Every structure is written in structure tokens, then in C-alpha cells.
>>> print(open('input_24.pdb').read())   # PDB, C-alpha atoms
ATOM      1  CA  MET A  14     -23.961  -4.574  25.205
ATOM      2  CA  THR A  15     -20.830  -6.713  25.174
ATOM      3  CA  ASP A  16     -22.727  -9.382  27.102
ATOM      4  CA  TYR A  17     -25.026 -10.055  24.153
ATOM      5  CA  ARG A  18     -23.957 -12.735  21.673
ATOM      6  CA  ILE A  19     -25.466 -13.464  18.290
ATOM      7  CA  GLY A  20     -26.317 -17.004  19.380
ATOM      8  CA  ALA A  21     -28.937 -15.566  21.739
ATOM      9  CA  ILE A  22     -30.897 -13.786  19.001
ATOM     10  CA  MET A  23     -30.227 -15.738  15.813
ATOM     11  CA  ARG A  24     -32.936 -17.734  14.075
ATOM     12  CA  ARG A  25     -32.278 -21.446  14.341
ATOM     13  CA  ASP A  26     -35.434 -22.475  12.498
ATOM     14  CA  ALA A  27     -34.524 -20.961   9.120
ATOM     15  CA  PRO A  28     -35.216 -23.210   6.133
ATOM     16  CA  THR A  29     -32.354 -25.134   4.573
ATOM     17  CA  LEU A  30     -31.988 -26.198   0.949
ATOM     18  CA  THR A  31     -29.477 -28.057  -1.181
ATOM     19  CA  PRO A  32     -27.849 -26.748  -4.354
ATOM     20  CA  ASP A  33     -29.803 -29.354  -6.352
ATOM     21  CA  THR A  34     -33.235 -28.314  -5.071
ATOM     22  CA  PRO A  35     -35.422 -27.180  -7.997
ATOM     23  CA  ILE A  36     -35.837 -23.423  -7.782
ATOM     24  CA  ARG A  37     -39.642 -23.708  -7.870
ATOM     25  CA  ARG A  38     -39.570 -25.882  -4.771
ATOM     26  CA  ALA A  39     -37.088 -23.544  -3.067
ATOM     27  CA  VAL A  40     -39.289 -20.506  -3.699
ATOM     28  CA  ALA A  41     -42.263 -22.409  -2.280
ATOM     29  CA  VAL A  42     -40.239 -23.251   0.838
ATOM     30  CA  LEU A  43     -39.374 -19.582   1.393
ATOM     31  CA  VAL A  44     -42.937 -18.432   0.799
ATOM     32  CA  ASP A  45     -44.501 -21.141   2.980
ATOM     33  CA  ALA A  46     -42.078 -20.399   5.813
ATOM     34  CA  GLN A  47     -42.466 -16.636   5.357
ATOM     35  CA  ALA A  48     -38.683 -16.591   5.360
ATOM     36  CA  ALA A  49     -36.456 -13.952   3.837
ATOM     37  CA  ALA A  50     -33.699 -16.474   3.130
ATOM     38  CA  ALA A  51     -32.605 -20.076   3.397
ATOM     39  CA  THR A  52     -29.177 -21.501   3.954
ATOM     40  CA  VAL A  53     -27.926 -23.823   1.230
ATOM     41  CA  LEU A  54     -26.013 -26.823   2.542
ATOM     42  CA  ASP A  55     -23.794 -29.172   0.558
ATOM     43  CA  ASP A  56     -23.793 -32.961   0.894
ATOM     44  CA  ASP A  57     -21.533 -32.707   3.951
ATOM     45  CA  GLY A  58     -23.843 -30.257   5.718
ATOM     46  CA  GLN A  59     -21.472 -27.353   5.166
ATOM     47  CA  LEU A  60     -22.616 -23.908   4.070
ATOM     48  CA  ALA A  61     -22.589 -23.713   0.267
ATOM     49  CA  GLY A  62     -24.592 -20.525  -0.167
ATOM     50  CA  LEU A  63     -27.630 -18.473   0.718
ATOM     51  CA  LEU A  64     -30.848 -18.156  -1.256
ATOM     52  CA  THR A  65     -32.754 -14.944  -0.529
ATOM     53  CA  GLN A  66     -36.144 -13.737  -1.662
ATOM     54  CA  LYS A  67     -34.318 -11.283  -3.912
ATOM     55  CA  ASP A  68     -32.470 -14.185  -5.575
ATOM     56  CA  CYS A  69     -35.872 -15.724  -6.348
ATOM     57  CA  PHE A  70     -37.326 -12.768  -8.229
ATOM     58  CA  ARG A  71     -35.592 -13.507 -11.556
ATOM     59  CA  PRO A  72     -36.777 -17.130 -11.836
ATOM     60  CA  ALA A  73     -40.248 -16.198 -10.533
ATOM     61  CA  LEU A  74     -40.555 -13.396 -13.074
ATOM     62  CA  HIS A  75     -39.346 -15.723 -15.817
ATOM     63  CA  ALA A  76     -41.978 -18.276 -14.774
ATOM     64  CA  SER A  77     -44.715 -15.663 -14.792
ATOM     65  CA  TYR A  78     -43.858 -14.750 -18.402
ATOM     66  CA  HIS A  79     -43.157 -18.212 -19.774
ATOM     67  CA  ARG A  80     -45.275 -20.409 -17.472
ATOM     68  CA  GLU A  81     -42.213 -22.492 -16.786
ATOM     69  CA  TRP A  82     -39.823 -22.749 -13.857
ATOM     70  CA  ALA A  83     -36.239 -23.478 -14.790
ATOM     71  CA  GLY A  84     -33.104 -24.100 -12.807
ATOM     72  CA  ARG A  85     -31.932 -25.195  -9.432
ATOM     73  CA  VAL A  86     -30.935 -23.357  -6.288
ATOM     74  CA  SER A  87     -27.277 -23.497  -7.364
ATOM     75  CA  ASP A  88     -28.160 -21.365 -10.404
ATOM     76  CA  HIS A  89     -29.517 -18.512  -8.284
ATOM     77  CA  MET A  90     -27.967 -18.623  -4.796
ATOM     78  CA  SER A  91     -25.341 -16.262  -3.455
ATOM     79  CA  ARG A  92     -22.047 -18.121  -3.052
ATOM     80  CA  GLU A  93     -19.735 -15.458  -1.664
ATOM     81  CA  LEU A  94     -21.049 -14.956   1.814
ATOM     82  CA  VAL A  95     -20.241 -12.790   4.771
ATOM     83  CA  THR A  96     -20.798 -14.905   7.859
ATOM     84  CA  VAL A  97     -20.767 -14.252  11.581
ATOM     85  CA  ASP A  98     -19.882 -16.550  14.440
ATOM     86  CA  ILE A  99     -22.391 -17.686  17.033
ATOM     87  CA  GLU A 100     -20.152 -16.132  19.737
ATOM     88  CA  ASP A 101     -19.811 -12.729  18.011
ATOM     89  CA  GLU A 102     -20.930  -9.746  20.036
ATOM     90  CA  VAL A 103     -24.125  -8.096  18.851
ATOM     91  CA  ILE A 104     -22.316  -4.742  18.652
ATOM     92  CA  ARG A 105     -19.800  -6.155  16.158
ATOM     93  CA  VAL A 106     -22.596  -7.517  13.967
ATOM     94  CA  ALA A 107     -24.513  -4.224  14.220
ATOM     95  CA  GLU A 108     -21.421  -2.461  12.903
ATOM     96  CA  MET A 109     -21.245  -4.988  10.054
ATOM     97  CA  PHE A 110     -24.864  -4.218   9.134
ATOM     98  CA  ILE A 111     -23.951  -0.515   9.008
ATOM     99  CA  ALA A 112     -20.893  -1.115   6.833
ATOM    100  CA  LEU A 113     -22.372  -3.688   4.435
ATOM    101  CA  PRO A 114     -25.564  -3.797   2.347
ATOM    102  CA  HIS A 115     -26.620  -7.195   3.720
ATOM    103  CA  ARG A 116     -29.905  -7.778   5.524
ATOM    104  CA  ILE A 117     -29.076 -11.280   6.718
ATOM    105  CA  PHE A 118     -25.905 -13.039   7.762
ATOM    106  CA  PRO A 119     -25.491 -16.801   8.063
ATOM    107  CA  VAL A 120     -24.324 -17.748  11.558
ATOM    108  CA  LEU A 121     -21.643 -20.400  12.017
ATOM    109  CA  ASP A 122     -20.721 -22.407  15.081
ATOM    110  CA  GLY A 123     -17.104 -23.084  14.206
ATOM    111  CA  SER A 124     -17.491 -24.235  10.615
ATOM    112  CA  ALA A 125     -21.009 -25.662  11.057
ATOM    113  CA  PRO A 126     -24.088 -23.681   9.991
ATOM    114  CA  ALA A 127     -26.122 -22.696  13.064
ATOM    115  CA  GLY A 128     -28.793 -20.323  11.722
ATOM    116  CA  LEU A 129     -29.369 -16.828  10.387
ATOM    117  CA  VAL A 130     -29.330 -13.400  11.967
ATOM    118  CA  HIS A 131     -31.438 -10.661  10.428
ATOM    119  CA  ARG A 132     -30.739  -6.959  10.593
ATOM    120  CA  SER A 133     -34.124  -6.547  12.296
ATOM    121  CA  ASP A 134     -33.109  -9.013  15.049
ATOM    122  CA  VAL A 135     -30.080  -6.907  15.933
ATOM    123  CA  LEU A 136     -32.016  -3.649  15.758
ATOM    124  CA  THR A 137     -34.748  -5.032  18.013
ATOM    125  CA  LEU A 138     -32.176  -5.994  20.651
ATOM    126  CA  LEU A 139     -30.479  -2.594  20.432
ATOM    127  CA  VAL A 140     -33.797  -0.811  20.948
ATOM    128  CA  LYS A 141     -34.719  -3.005  23.926
ATOM    129  CA  ALA A 142     -31.287  -2.585  25.490
ATOM    130  CA  GLY A 143     -31.159   1.173  24.910
TER
END
>>> encode(input="input_24.pdb", output="C-alpha cells")
Amino acid sequence: MTDYRIGAIMRRDAPTLTPDTPIRRAVAVLVDAQAAAATVLDDDGQLAGLLTQKDCFRPALHASYHREWAGRVSDHMSRELVTVDIEDEVIRVAEMFIALPHRIFPVLDGSAPAGLVHRSDVLTLLVKAG
């Protein structure tokens, strides 16, 4: 299993957002893409946060009650992230999924955002390899 790197199984086509994106638009992007999360990039293209479906429930529930969407991605995104490197071994990331409650990790190539890896991606590889 040490031959398998996260770069081989990560999702490169995950949606990206900016902190200033209206939350209504961001939720629509996630829903339309059937994505569990989107990376949030700052003006320099660096990782500023992660917006997950779970992060979207509060504003969506608020909108369903009040018929009004309020806020921007920056109001709802997760800012303190656990990231993995594109060259990390799948086994290391599997151990991280065991130790942490996360379902998705942003993947970096050096300091540049490269994609997302889902818990299910790692599990699928482990099952196929086992």
C-alpha cells in the first residue's frame, strides 16, 4: 500500500468558491455539482477554507423559515483545516480518517490547492487493494 499516493485518488474537479460568494449561490453550486464540499480560495488562489454541506444547513434552514438567504461563504466556512499533501501515502491518510472526525481533507501540492480527498475514496482503494 505504500505505493499509493493521495494524488492518484483525489478529486481534482471539486467546486471552488471565494469567501465573498453569496451563501445562496454557494449552496446552489454544491447541490448542482452533487458535491459534499468546496474549497474556498482567497484572491491569491490560496486555500482560505472549506465549505461543506453541513456548513450550509444553518443558512438553508434560516432561509426556509424566513424566505431570505443571508451571508457569504466567509460567514459559514470552516477556516481551521486539516490538509494532506498530494504525495502523502494513502495509508497515512486512512489513519488520519480513523483518528479525526473529518470526511474530507483538502489536498495541497506544496502550498497550492490541488483537490479534495473523501473518506470514501480512501476506503474504496483499501477494499480494492485488500
>>> resolve_selection(input="input_24.pdb", expression="the PyMOL selection byres ((chain A and resi 112-128) around 6)", output="PyMOL selection string")
chain A and resi 24-25+96-99+109-111+129-132
>>> residues_around(input="input_24.pdb", residues="Asp88 (chain A)", least_positions_apart="5", cutoff="10 Å", atoms="all atoms listed in the file", output="PDB file with C-alpha atoms, keeping the file's coordinate frame")
ATOM      1  CA  PRO A  32     -27.849 -26.748  -4.354  1.00  0.00           C
ATOM      2  CA  ASP A  33     -29.803 -29.354  -6.352  1.00  0.00           C
ATOM      3  CA  PRO A  35     -35.422 -27.180  -7.997  1.00  0.00           C
ATOM      4  CA  ILE A  36     -35.837 -23.423  -7.782  1.00  0.00           C
ATOM      5  CA  ASP A  68     -32.470 -14.185  -5.575  1.00  0.00           C
ATOM      6  CA  PRO A  72     -36.777 -17.130 -11.836  1.00  0.00           C
ATOM      7  CA  ALA A  83     -36.239 -23.478 -14.790  1.00  0.00           C
TER       8      ALA A  83
END
>>> closest_residue(input="input_24.pdb", among="A:Arg71, A:Arg80, A:Arg18, A:Arg85", to="Ile104 (chain A)", atoms="all atoms listed in the file")
A:Arg18
>>> closest_residue(input="input_24.pdb", among="A:Ala49, A:Cys69, A:Leu54, A:Ala39", to="Ser133 (chain A)", atoms="all atoms listed in the file")
A:Ala49
>>> closest_residue(input="input_24.pdb", among="A:Val135, A:Val103, A:Val86, A:Ala76", to="Ala50 (chain A)", atoms="only C-alpha atoms")
A:Val86
>>> atom_distance(input="input_24.pdb", atom1="CA of Lys67 (chain A)", atom2="CA of Ala107 (chain A)")
21.8 Å
>>> axis_aligned_box(input="input_24.pdb", around="region 100-111 of chain A", padding_each_side="5 Å", output="lines of an AutoDock Vina configuration file")
center_x = -22.3
center_y = -8.3
center_z = 14.5
size_x = 15.1
size_y = 25.6
size_z = 21.0
>>> resolve_selection(input="input_24.pdb", expression="the PyMOL selection byres ((chain A and resi 51) around 10)", output="ChimeraX atom specification")
/A:26-31,39-40,42-43,46,48-50,52-54,62-66,90,119,128-129
>>> atom_distance(input="input_24.pdb", atom1="CA of Leu138 (chain A)", atom2="CA of Met23 (chain A)")
11.1 Å
>>> atom_distance(input="input_24.pdb", atom1="CA of Asp134 (chain A)", atom2="CA of Leu60 (chain A)")
21.3 Å
>>> resolve_selection(input="input_24.pdb", expression="the PyMOL selection byres ((chain A and resi 16) around 12)", output="number ranges by chain")
A: 14-15, 17-21, 100-105, 138, 142
